[in-house]
>>> print(open('structure_5.pdb').read())   # PDB, C-alpha atoms
ATOM      1  CA  MET J   1      15.327  42.559 -24.402
ATOM      2  CA  VAL J   2      14.779  42.713 -20.621
ATOM      3  CA  ALA J   3      11.245  41.959 -19.461
ATOM      4  CA  SER J   4       9.380  44.742 -17.682
ATOM      5  CA  PRO J   5       8.444  44.356 -13.991
ATOM      6  CA  ILE J   6       4.834  43.714 -15.048
ATOM      7  CA  ALA J   7       5.880  40.971 -17.460
ATOM      8  CA  ARG J   8       8.070  39.370 -14.775
ATOM      9  CA  LEU J   9       5.190  39.481 -12.271
ATOM     10  CA  VAL J  10       2.807  37.899 -14.804
ATOM     11  CA  GLN J  11       5.417  35.239 -15.542
ATOM     12  CA  GLN J  12       5.829  34.387 -11.851
ATOM     13  CA  LEU J  13       2.076  34.362 -11.149
ATOM     14  CA  ALA J  14       1.502  32.060 -14.138
ATOM     15  CA  LYS J  15       3.691  29.441 -12.398
ATOM     16  CA  LEU J  16       1.011  28.998  -9.722
ATOM     17  CA  PRO J  17      -1.199  25.897 -10.162
ATOM     18  CA  GLY J  18      -4.423  26.611 -11.990
ATOM     19  CA  VAL J  19      -3.290  30.090 -13.043
ATOM     20  CA  GLY J  20      -2.927  30.635 -16.762
ATOM     21  CA  GLU J  21      -1.425  33.609 -18.579
ATOM     22  CA  LYS J  22      -4.694  35.601 -18.676
ATOM     23  CA  THR J  23      -5.472  35.046 -14.994
ATOM     24  CA  ALA J  24      -1.873  35.910 -14.122
ATOM     25  CA  ALA J  25      -2.203  39.183 -16.046
ATOM     26  CA  ARG J  26      -5.476  40.013 -14.250
ATOM     27  CA  LEU J  27      -3.843  39.310 -10.885
ATOM     28  CA  ALA J  28      -0.811  41.415 -11.753
ATOM     29  CA  PHE J  29      -2.940  44.412 -12.738
ATOM     30  CA  HIS J  30      -5.088  43.938  -9.621
ATOM     31  CA  ILE J  31      -1.919  44.115  -7.518
ATOM     32  CA  LEU J  32      -0.893  47.287  -9.357
ATOM     33  CA  ARG J  33      -4.283  48.940  -8.748
ATOM     34  CA  ALA J  34      -4.434  47.893  -5.085
ATOM     35  CA  PRO J  35      -3.169  50.214  -2.374
ATOM     36  CA  ALA J  36       0.598  49.997  -1.900
ATOM     37  CA  GLU J  37       0.173  48.616   1.624
ATOM     38  CA  ASP J  38      -1.884  45.677   0.263
ATOM     39  CA  ALA J  39       0.854  44.788  -2.221
ATOM     40  CA  ALA J  40       3.472  45.104   0.531
ATOM     41  CA  ALA J  41       1.378  42.906   2.849
ATOM     42  CA  LEU J  42       1.092  40.245   0.116
ATOM     43  CA  ALA J  43       4.850  40.289  -0.478
ATOM     44  CA  ALA J  44       5.512  40.116   3.279
ATOM     45  CA  ALA J  45       3.079  37.198   3.710
ATOM     46  CA  ILE J  46       4.815  35.268   0.914
ATOM     47  CA  ALA J  47       8.244  35.935   2.449
ATOM     48  CA  GLU J  48       7.008  35.003   5.930
ATOM     49  CA  VAL J  49       5.466  31.698   4.848
ATOM     50  CA  ARG J  50       8.714  30.738   3.090
ATOM     51  CA  GLN J  51      10.767  31.604   6.189
ATOM     52  CA  LYS J  52       8.572  30.220   8.971
ATOM     53  CA  ILE J  53       6.741  27.180   7.612
ATOM     54  CA  ARG J  54       8.489  23.829   7.817
ATOM     55  CA  SER J  55       7.645  20.154   7.899
ATOM     56  CA  CYS J  56       6.538  18.579  11.189
ATOM     57  CA  SER J  57       9.139  16.039  12.284
ATOM     58  CA  ILE J  58       6.391  13.567  13.258
ATOM     59  CA  CYS J  59       3.579  13.789  10.686
ATOM     60  CA  CYS J  60       5.298  15.731   7.865
ATOM     61  CA  ASP J  61       2.452  18.278   7.732
ATOM     62  CA  LEU J  62       3.329  21.930   7.217
ATOM     63  CA  THR J  63       3.692  23.848  10.453
ATOM     64  CA  GLU J  64       5.172  26.909  12.083
ATOM     65  CA  THR J  65       6.089  24.980  15.235
ATOM     66  CA  ASP J  66       7.692  21.546  15.421
ATOM     67  CA  PRO J  67       5.992  19.296  16.279
ATOM     68  CA  CYS J  68       2.741  20.662  14.880
ATOM     69  CA  ALA J  69      -0.311  21.487  17.013
ATOM     70  CA  ILE J  70      -2.105  18.229  16.127
ATOM     71  CA  CYS J  71       0.905  16.069  17.056
ATOM     72  CA  ARG J  72       1.290  17.990  20.349
ATOM     73  CA  ASP J  73      -2.395  17.673  21.256
ATOM     74  CA  ALA J  74      -2.619  15.061  24.031
ATOM     75  CA  ARG J  75      -6.386  14.748  23.441
ATOM     76  CA  ARG J  76      -5.779  13.221  19.982
ATOM     77  CA  ASP J  77      -5.605   9.429  19.632
ATOM     78  CA  GLY J  78      -1.928   8.700  18.933
ATOM     79  CA  GLY J  79      -2.728   5.094  18.045
ATOM     80  CA  LEU J  80      -4.775   6.146  15.001
ATOM     81  CA  VAL J  81      -2.977   7.699  12.020
ATOM     82  CA  CYS J  82      -4.740   8.979   8.910
ATOM     83  CA  VAL J  83      -2.444   9.010   5.866
ATOM     84  CA  VAL J  84      -3.208  11.741   3.326
ATOM     85  CA  ALA J  85      -1.518  12.869   0.133
ATOM     86  CA  GLN J  86      -1.277  16.632   0.722
ATOM     87  CA  PRO J  87      -1.407  19.138   3.606
ATOM     88  CA  GLN J  88      -4.705  20.521   2.284
ATOM     89  CA  ASP J  89      -6.243  17.061   2.861
ATOM     90  CA  VAL J  90      -5.594  17.481   6.601
ATOM     91  CA  LEU J  91      -7.532  20.752   6.496
ATOM     92  CA  ALA J  92     -10.444  19.081   4.678
ATOM     93  CA  ILE J  93     -10.703  16.258   7.234
ATOM     94  CA  GLU J  94     -10.376  18.678  10.152
ATOM     95  CA  ARG J  95     -13.140  20.871   8.682
ATOM     96  CA  ALA J  96     -15.416  17.837   8.433
ATOM     97  CA  GLY J  97     -14.919  17.144  12.157
ATOM     98  CA  GLY J  98     -15.340  13.778  13.802
ATOM     99  CA  TYR J  99     -11.759  12.521  13.360
ATOM    100  CA  HIS J 100      -9.660  12.707  16.523
ATOM    101  CA  GLY J 101      -6.535  10.780  15.591
ATOM    102  CA  ARG J 102      -3.272  12.026  14.129
ATOM    103  CA  TYR J 103      -2.056  12.356  10.531
ATOM    104  CA  HIS J 104       0.776  11.510   8.203
ATOM    105  CA  VAL J 105       1.236  13.612   5.055
ATOM    106  CA  LEU J 106       2.905  11.939   2.060
ATOM    107  CA  HIS J 107       3.288  15.131  -0.021
ATOM    108  CA  GLY J 108       2.039  13.391  -3.142
ATOM    109  CA  VAL J 109       1.010  10.001  -4.492
ATOM    110  CA  LEU J 110       2.818   7.345  -6.486
ATOM    111  CA  SER J 111       2.808   8.232 -10.159
ATOM    112  CA  PRO J 112       5.331   6.291 -12.266
ATOM    113  CA  LEU J 113       4.319   8.178 -15.419
ATOM    114  CA  ASP J 114       5.371  11.423 -13.709
ATOM    115  CA  GLY J 115       8.493   9.838 -12.247
ATOM    116  CA  ILE J 116       7.153   9.903  -8.667
ATOM    117  CA  GLY J 117       8.143   6.828  -6.703
ATOM    118  CA  PRO J 118       8.185   5.904  -2.993
ATOM    119  CA  ASP J 119      11.495   7.743  -2.446
ATOM    120  CA  ASP J 120       9.857  10.998  -3.575
ATOM    121  CA  LEU J 121       7.185  10.734  -0.870
ATOM    122  CA  ARG J 122       7.276  10.597   2.936
ATOM    123  CA  VAL J 123       6.863   6.810   2.922
ATOM    124  CA  ALA J 124      10.060   5.988   4.849
ATOM    125  CA  GLU J 125       8.955   8.335   7.636
ATOM    126  CA  LEU J 126       5.591   6.521   7.852
ATOM    127  CA  VAL J 127       7.242   3.091   8.014
ATOM    128  CA  ARG J 128       9.647   4.339  10.692
ATOM    129  CA  ARG J 129       6.732   5.813  12.628
ATOM    130  CA  CYS J 130       4.797   2.530  12.527
ATOM    131  CA  GLY J 131       7.789   0.223  13.007
ATOM    132  CA  ALA J 132       7.998  -2.310  15.809
ATOM    133  CA  GLY J 133       8.606  -0.617  19.117
ATOM    134  CA  ALA J 134       8.711   2.803  17.468
ATOM    135  CA  SER J 135       5.309   3.949  18.680
ATOM    136  CA  ASP J 136       1.848   2.957  19.781
ATOM    137  CA  VAL J 137       0.329   3.228  16.287
ATOM    138  CA  GLY J 138      -2.351   0.545  16.081
ATOM    139  CA  GLU J 139      -4.259   1.526  12.959
ATOM    140  CA  VAL J 140      -3.441   3.452   9.811
ATOM    141  CA  ILE J 141      -6.313   4.841   7.754
ATOM    142  CA  LEU J 142      -5.286   5.224   4.108
ATOM    143  CA  ALA J 143      -7.119   8.350   2.980
ATOM    144  CA  THR J 144      -5.632   8.946  -0.460
ATOM    145  CA  SER J 145      -8.027   9.877  -3.264
ATOM    146  CA  SER J 146      -9.811   7.230  -5.315
ATOM    147  CA  THR J 147      -7.841   8.078  -8.462
ATOM    148  CA  VAL J 148      -5.651   5.394 -10.042
ATOM    149  CA  GLU J 149      -2.580   6.959  -8.383
ATOM    150  CA  GLY J 150      -4.315   7.295  -5.013
ATOM    151  CA  GLU J 151      -5.487   3.675  -5.082
ATOM    152  CA  ALA J 152      -2.034   2.438  -6.124
ATOM    153  CA  THR J 153      -0.479   4.410  -3.260
ATOM    154  CA  ALA J 154      -2.958   2.931  -0.760
ATOM    155  CA  VAL J 155      -2.298  -0.632  -1.965
ATOM    156  CA  TYR J 156       1.472  -0.073  -1.824
ATOM    157  CA  LEU J 157       1.313   1.343   1.722
ATOM    158  CA  ALA J 158      -0.955  -1.468   2.942
ATOM    159  CA  LYS J 159       1.575  -4.049   1.697
ATOM    160  CA  LEU J 160       4.405  -2.189   3.453
ATOM    161  CA  LEU J 161       2.569  -1.789   6.754
ATOM    162  CA  ARG J 162       1.004  -5.250   7.037
ATOM    163  CA  PRO J 163       4.292  -7.008   8.032
ATOM    164  CA  LEU J 164       4.731  -4.414  10.801
ATOM    165  CA  GLY J 165       1.571  -5.682  12.507
ATOM    166  CA  VAL J 166      -0.287  -2.412  11.965
ATOM    167  CA  LYS J 167      -3.970  -2.650  11.050
ATOM    168  CA  THR J 168      -4.610  -0.786   7.802
ATOM    169  CA  SER J 169      -7.982   0.432   6.615
ATOM    170  CA  ARG J 170      -9.157   2.385   3.593
ATOM    171  CA  ILE J 171     -11.597   5.287   3.631
ATOM    172  CA  ALA J 172     -15.022   4.420   2.257
ATOM    173  CA  THR J 173     -16.099   5.719  -1.116
ATOM    174  CA  GLY J 174     -19.585   6.024  -2.463
ATOM    175  CA  VAL J 175     -22.483   8.289  -3.330
ATOM    176  CA  PRO J 176     -22.191  11.746  -1.746
ATOM    177  CA  ILE J 177     -24.931  13.063   0.547
ATOM    178  CA  GLY J 178     -27.533  14.765  -1.620
ATOM    179  CA  GLY J 179     -26.282  12.979  -4.740
ATOM    180  CA  GLU J 180     -28.662  11.313  -7.173
ATOM    181  CA  LEU J 181     -27.987   7.664  -8.007
ATOM    182  CA  GLU J 182     -28.701   8.197 -11.695
ATOM    183  CA  TYR J 183     -25.711  10.576 -11.933
ATOM    184  CA  ALA J 184     -23.222   8.363 -10.085
ATOM    185  CA  ASP J 185     -20.720   6.407 -12.157
ATOM    186  CA  GLN J 186     -20.655   2.589 -12.094
ATOM    187  CA  VAL J 187     -17.511   2.284  -9.965
ATOM    188  CA  THR J 188     -18.898   4.664  -7.320
ATOM    189  CA  LEU J 189     -22.188   2.764  -7.182
ATOM    190  CA  ALA J 190     -20.430  -0.600  -6.950
ATOM    191  CA  ARG J 191     -18.237   0.641  -4.088
ATOM    192  CA  ALA J 192     -21.208   2.170  -2.318
ATOM    193  CA  ILE J 193     -23.021  -1.171  -2.423
ATOM    194  CA  ASP J 194     -19.921  -3.195  -1.442
ATOM    195  CA  GLY J 195     -19.171  -0.790   1.434
ATOM    196  CA  ARG J 196     -22.707  -0.889   2.812
ATOM    197  CA  ARG J 197     -23.233  -1.075   6.570
ATOM    198  CA  GLU J 198     -26.038  -2.335   8.743
ATOM    199  CA  MET J 199     -28.581   0.253   9.918
TER     200      MET J 199
END
>>> encode(input="structure_5.pdb", output="structure tokens")
Amino acid sequence: MVASPIARLVQQLAKLPGVGEKTAARLAFHILRAPAEDAAALAAAIAEVRQKIRSCSICCDLTETDPCAICRDARRDGGLVCVVAQPQDVLAIERAGGYHGRYHVLHGVLSPLDGIGPDDLRVAELVRRCGAGASDVGEVILATSSTVEGEATAVYLAKLLRPLGVKTSRIATGVPIGGELEYADQVTLARAIDGRREM
């Protein structure tokens, strides 16, 4: 039996991360109820992003132009590279403001249980970028998450970069602004105390 167009749409929407079968069905029926031009605009936007977005040849972030706007920006500090797991991490750091260096996007973290090793990430590109005589990169900030996989990735990258003479640092972790100490877990509290700074 051939699936109906609605069933096929639900099936495709359910492939999106965080979207289950019920949410996919709600989205599909929303698309059906929306004006035809809205549905056409959604389809066109999906097609356009697939056609026009590519990986930056320098930082591996997603971009429409190569190199990306951040890599082209002469006001950014080219000697400072912040390594993140995903393109959305670049957006988060940019939204926070205050960072004026460049980026390198790994497109994931090491996860042996999921079969993700260094060859599945943009690690070789980072090493090439930081290699002797390759550039003026002086410091790499490892800004992967504080999950087991994120920490393992940071440790692995630090070991790779150290022989290249590149200073490596790790983002601080601790109690968030407005957070109550009684609700923080032990590891977060320990890191907050260990990472203290003079005032």
>>> residues_around(input="structure_5.pdb", residues="Leu126 (chain J)", least_positions_apart="4", cutoff="7 Å", atoms="all atoms listed in the file", output="NGL selection string")
:J and (104 or 122 or 130)
>>> resolve_selection(input="structure_5.pdb", expression="the PyMOL selection byres ((chain J and resi 171-174) around 8)", output="PyMOL selection string")
chain J and resi 141-143+146+169-170+175-176+188-189+191-193+195
>>> residues_around(input="structure_5.pdb", residues="Ala25 (chain J)", least_positions_apart="5", cutoff="10 Å", atoms="all atoms listed in the file", output="list in words")
Ile6, Ala7, Leu9, Val10, Gln11, Leu13, Ala14, Val19, Gly20, His30 and Ile31 of chain J
>>> write_last_selection(input="structure_5.pdb", atoms="C-alpha atoms", output="PDB file, in the frame of the given file")
ATOM      1  CA  ILE J   6       4.834  43.714 -15.048  1.00  0.00           C
ATOM      2  CA  ALA J   7       5.880  40.971 -17.460  1.00  0.00           C
ATOM      3  CA  LEU J   9       5.190  39.481 -12.271  1.00  0.00           C
ATOM      4  CA  VAL J  10       2.807  37.899 -14.804  1.00  0.00           C
ATOM      5  CA  GLN J  11       5.417  35.239 -15.542  1.00  0.00           C
ATOM      6  CA  LEU J  13       2.076  34.362 -11.149  1.00  0.00           C
ATOM      7  CA  ALA J  14       1.502  32.060 -14.138  1.00  0.00           C
ATOM      8  CA  VAL J  19      -3.290  30.090 -13.043  1.00  0.00           C
ATOM      9  CA  GLY J  20      -2.927  30.635 -16.762  1.00  0.00           C
ATOM     10  CA  HIS J  30      -5.088  43.938  -9.621  1.00  0.00           C
ATOM     11  CA  ILE J  31      -1.919  44.115  -7.518  1.00  0.00           C
TER      12      ILE J  31
END
>>> closest_residue(input="structure_5.pdb", among="J:Val166, J:Ala41, J:Val148, J:Val109", to="Gly79 (chain J)", atoms="only C-alpha atoms")
J:Val166
>>> closest_residue(input="structure_5.pdb", among="J:Ala28, J:Pro35, J:Arg76, J:Lys159", to="Gln12 (chain J)", atoms="all atoms listed in the file")
J:Ala28
>>> resolve_selection(input="structure_5.pdb", expression="the PyMOL selection byres ((chain J and resi 149) around 10)", output="PyMOL selection string")
chain J and resi 108-113+144-148+150-155
>>> closest_residue(input="structure_5.pdb", among="J:Arg8, J:Arg128, J:Lys15, J:Arg102", to="Arg75 (chain J)", atoms="only C-alpha atoms")
J:Arg102
>>> resolve_selection(input="structure_5.pdb", expression="the PyMOL selection byres ((chain J and resi 103) around 7)", output="VMD selection string")
chain J and resid 59 81 to 83 101 to 102 104 to 105
>>> write_last_selection(input="structure_5.pdb", atoms="C-alpha atoms", output="PDB file, in the frame of the given file")
ATOM      1  CA  CYS J  59       3.579  13.789  10.686  1.00  0.00           C
ATOM      2  CA  VAL J  81      -2.977   7.699  12.020  1.00  0.00           C
ATOM      3  CA  CYS J  82      -4.740   8.979   8.910  1.00  0.00           C
ATOM      4  CA  VAL J  83      -2.444   9.010   5.866  1.00  0.00           C
ATOM      5  CA  GLY J 101      -6.535  10.780  15.591  1.00  0.00           C
ATOM      6  CA  ARG J 102      -3.272  12.026  14.129  1.00  0.00           C
ATOM      7  CA  HIS J 104       0.776  11.510   8.203  1.00  0.00           C
ATOM      8  CA  VAL J 105       1.236  13.612   5.055  1.00  0.00           C
TER       9      VAL J 105
END
>>> build_atoms(input="structure_5.pdb", residues="region 57-75 of chain J", atoms="N, CA, C and O atoms", output="short mmCIF file (atom, residue, chain, number, x, y, z; two decimals), in the coordinates of the input")
data_model
loop_
_atom_site.label_atom_id
_atom_site.label_comp_id
_atom_site.auth_asym_id
_atom_site.auth_seq_id
_atom_site.Cartn_x
_atom_site.Cartn_y
_atom_site.Cartn_z
N SER J 57 8.22 17.18 12.20
CA SER J 57 9.14 16.04 12.28
C SER J 57 8.42 14.72 12.57
O SER J 57 8.99 13.65 12.39
N ILE J 58 7.15 14.79 12.97
CA ILE J 58 6.39 13.57 13.26
C ILE J 58 5.49 13.20 12.09
O ILE J 58 5.58 12.11 11.54
N CYS J 59 4.60 14.13 11.69
CA CYS J 59 3.58 13.79 10.69
C CYS J 59 3.88 14.32 9.29
O CYS J 59 3.17 13.99 8.35
N CYS J 60 4.89 15.15 9.16
CA CYS J 60 5.30 15.73 7.86
C CYS J 60 4.31 16.76 7.33
O CYS J 60 4.40 17.17 6.17
N ASP J 61 3.35 17.20 8.15
CA ASP J 61 2.45 18.28 7.73
C ASP J 61 3.23 19.59 7.80
O ASP J 61 4.29 19.68 8.41
N LEU J 62 2.69 20.62 7.17
CA LEU J 62 3.33 21.93 7.22
C LEU J 62 2.95 22.62 8.52
O LEU J 62 1.79 22.58 8.94
N THR J 63 3.93 23.24 9.15
CA THR J 63 3.69 23.85 10.45
C THR J 63 4.66 24.98 10.72
O THR J 63 5.73 25.04 10.11
N GLU J 64 4.28 25.84 11.64
CA GLU J 64 5.17 26.91 12.08
C GLU J 64 5.98 26.44 13.28
O GLU J 64 7.10 26.88 13.50
N THR J 65 5.40 25.52 14.06
CA THR J 65 6.09 24.98 15.24
C THR J 65 6.31 23.49 15.03
O THR J 65 5.51 22.82 14.38
N ASP J 66 7.38 22.96 15.58
CA ASP J 66 7.69 21.55 15.42
C ASP J 66 7.83 20.90 16.79
O ASP J 66 8.65 21.35 17.59
N PRO J 67 7.02 19.90 17.12
CA PRO J 67 5.99 19.30 16.28
C PRO J 67 4.77 20.19 16.14
O PRO J 67 4.59 21.14 16.90
N CYS J 68 3.92 19.85 15.17
CA CYS J 68 2.74 20.66 14.88
C CYS J 68 1.72 20.57 16.01
O CYS J 68 1.82 19.73 16.90
N ALA J 69 0.71 21.42 15.96
CA ALA J 69 -0.31 21.49 17.01
C ALA J 69 -1.07 20.17 17.16
O ALA J 69 -1.40 19.76 18.27
N ILE J 70 -1.36 19.49 16.06
CA ILE J 70 -2.10 18.23 16.13
C ILE J 70 -1.26 17.15 16.80
O ILE J 70 -1.73 16.41 17.65
N CYS J 71 0.03 17.07 16.45
CA CYS J 71 0.90 16.07 17.06
C CYS J 71 1.14 16.35 18.54
O CYS J 71 1.36 15.42 19.32
N ARG J 72 1.09 17.62 18.94
CA ARG J 72 1.29 17.99 20.35
C ARG J 72 0.03 17.80 21.19
O ARG J 72 0.11 17.75 22.41
N ASP J 73 -1.11 17.72 20.55
CA ASP J 73 -2.40 17.67 21.26
C ASP J 73 -2.59 16.31 21.93
O ASP J 73 -2.83 15.29 21.27
N ALA J 74 -2.50 16.30 23.25
CA ALA J 74 -2.62 15.06 24.03
C ALA J 74 -4.02 14.47 23.96
O ALA J 74 -4.22 13.29 24.26
N ARG J 75 -5.01 15.26 23.55
CA ARG J 75 -6.39 14.75 23.44
C ARG J 75 -6.59 13.92 22.18
O ARG J 75 -7.58 13.19 22.07
#
